[in-house]
Every structure is written in C-alpha cells, then in structure tokens.
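Step one of this worksheet: look at the structure below.
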Amino acid sequence: MSIIRIVGISFFICLLANCGSQSVGSPPATPWPSATIEPTREAPTQTTIAAPTPTVIATIEPVIVVNTDDSLAAGLTPEGYHVLGDMAAPITFIDYSDYF
Amino acid sequence: MLEVEPQLIDTYVRTGKMRIIVRPLFQTGEDALLAAHASECAGEQKHYFAMRAAIYADQGGLFAAESMTAGLSQRARDIGINGDDFDRCMQSDKYRLPLLTGYTRAKESGILSRPVFEINGQRIIGARQFSEFADIIDHLKP
C-alpha cells in the first residue's frame with residue numbers, strides 16, 4: 001500500500017469521525033417548540049339574548065281636570081269618589097287612571 | 001290627553017250634560033297612592049281637582065323633589081291650601097285604606113290597565129282623542 005493511499009484512507013476516516021461528533025450533542029440554535037401555546041382565552045360563554053319583549057310604555061294619560069277654577073260643581077259619589085260637574089247630569093264619564 | 005280634558009269639561013261638563021267621576025288606580029305603585037292621598041287631603045279644603053291638576057301638571061318636578069311627600073306638600077301650598085292642615089292629613093294616612101279599597105274594586109270590575117273610561121257604562125280602554133269621546137257622548141245625548 002502506498003503512502004499516498006494510507007494517508008488518503010486515514011484522512012477519510014478522520015473526516016468521517018469529525019462529522020459524526022459534530023452532529024451529536026450540539027443543541028439546535030433555537031429550541032424546538034414542544035407545542036404551540038396559544039394565549040389562553042376563555043371560551044366565550046353562551047350568552048342567551050332574550051327575545052326583545054315588547055316594551056309597554058305606560059301612557060300617563062290623566063283625563064281629569066286641568067282647569068282649577070271653582071266655577072264647576074264638585075262633590076262625592078255615595079261610594080266616596082270625587083265628581084266634577086252636575087251630579088244630575090245625564091251622562092256619567094268615569095275616569096280610571098293613575099297619577100304617574 | 002291633557003289637551004282632551006279641558007275640551008271635555010268645556011263642552012260637556014260646563015254645560016251640565018256630563019259629570020266626571022274620578023277613580024284613581026295605583027298600578028305605578030306607592031307614589032301614585034301618595035299623590036291620590038294628597039288629592040284627598042286637598043279635597044278636605046275643597047281643592048281636590050285643583051290639587052289633581054297641579055300634580056298632573058308637574059309630574060317631573062314631583063319626581064325631582066327631595067321626596068314625593070315634600071313635593072306634594074309644596075304643590076299644596078302653591079295652590080293656596082293650608083299647608084299645616086294638609087301635612088297633618090298626609091301624616092294621618094287616613095285615606096290610604098279607602099283608596100286601596102277603591103282600587104281593588106276597580107280591578108274586580110275588570111279594570112286591569114290604564115287609562116280606562118266608562119261613558120254611561122260603555123267601557124273604553126286606552127286613551128282617545130276628543131273627537132272619539134265626542135262621537136260616543138253625542139250619540140248618548142237625549
């Protein structure tokens with residue numbers, strides 16, 4: 001075996017040995033992400049939106065007496081309800097209403 | 001409806017054709033009861049309808065008052081009522097039970113919303129224009 005061949009084989013073996021030692025044990029430059037961690041966000045709770053109920057707007061509809069003059073007769077019924085006008089008037093208008 | 005009242009009064013009450021009876025309801029609660037009580041106390045001094053009108057005319061002011069009772073007391077004084085007598089009447093709470101009894105009777109007779117009107121027994125539910133009331137009343141006139 002010639003000297004040149006021996007040197008060539010030795011160089012080849014050495015080359016192989018060096019490559020192996022480099023590939024083992026050197027940590028990757030950047031750590032391998034074990035898992036992608038998404039920012040935790042609570043699952044949105046199911047919000048039940050009730051169907052809009054019709055808004056009953058209370059109509060404040062007082063019916064009686066804006067005038068405050070004393071020219072009209074006023075009194076009470078036998079049951080104690082207040083009356084404006086002639087007690088003997090042929091038409092009776094009863095107002096059921098709330099103050100507010 | 002505030003515009004309708006004077007027309008009803010001028011057209012039918014002032015002419016002697018109609019009388020108006022007030023049946024207060026308290027569907028809105030304690031404040032309405034207090035206001036009705038105040039009207040009753042004003043009635044002791046012959047100012048029932050004046051007090052009623054004063055309350056309706058200044059509902060916003062009453063709610064803005066330091067207290068509903070204080071606001072009603074002030075309105076009573078504003079219309080010339082003896083304030084001390086009025087306050088004593090309010091403190092007595094003596095109309096509370098009769099008013100609540102009247103309210104119960106109204107509910108028992110089927111008055112479940114407001115406003116409701118009865119013209120010679122004909123029940124009308126909800127607010128109406130003067131012309132609508134007039135149509136009914138004119139057909140009743142003898």
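As shown in the structure tokens, the chain order sets the letters A, B, ...; within each chain, residues go from 1, and ligands are also counted from 1 in the order they appear.
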
Chain B contacts to chain A at 7 Å (only C-alpha atoms) as JSON, numbers by chain = {"B": [1, 2, 5, 6, 13, 14, 16, 17, 18, 19, 20, 21, 22, 23, 24, 25, 26, 27, 28, 32, 35, 49, 50, 53, 56, 114, 115, 116, 117, 118, 119, 120, 127]}

Which of these, B:Pro98, B:Met51, B:Arg128, B:Asp84, has the shortest distance to Ser39 of chain B once you count only C-alpha atoms?
->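 Smallest separation from Ser39 of chain B among the options: B:Met51.
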
Between B:Arg88, B:Arg75, B:Arg96, B:Lys107, single out the one closest to Glu30 of chain B, counting only C-alpha atoms.
->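 Smallest separation from Glu30 of chain B among the options: B:Arg96.
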
Those in chain B with strand (DSSP E) from DSSP, as a PyMOL selection string | chain B and resi 18-25+116-119+122-125

Could you work out how far atom CA of Asp31 of chain B lies from atom CA of Asp85 of chain B, giving the answer in Å with one decimal?
->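 According to the coordinates, atom CA of Asp85 of chain B and atom CA of Asp31 of chain B are separated by 20.5 Å.
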
Would you return as a PyMOL selection string the members of segment 53-139 of chain B that DSSP assigns to alpha helix (DSSP H) on this structure's backbone?
-> chain B and resi 53-57+59-64+68-78+83-92+96-108+130-139

From B:Thr101, B:Gln59, B:Ser113, B:Asn82, residue lying nearest Glu44 of chain B [only C-alpha atoms] =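 The shortest atom-to-atom distance to Glu44 of chain B comes from B:Asn82.
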
Hey, what's within 12 Å of Gly61 of chain B if we count only C-alpha atoms and toss same-chain stuff fewer than 6 positions away? As a list in words, please?
->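 So, after excluding close chain neighbours, the residues are Ala54, Ile55, Ser67, Met68, Ala70, Gly71, Leu72, Gln74 and Arg75 of chain B.
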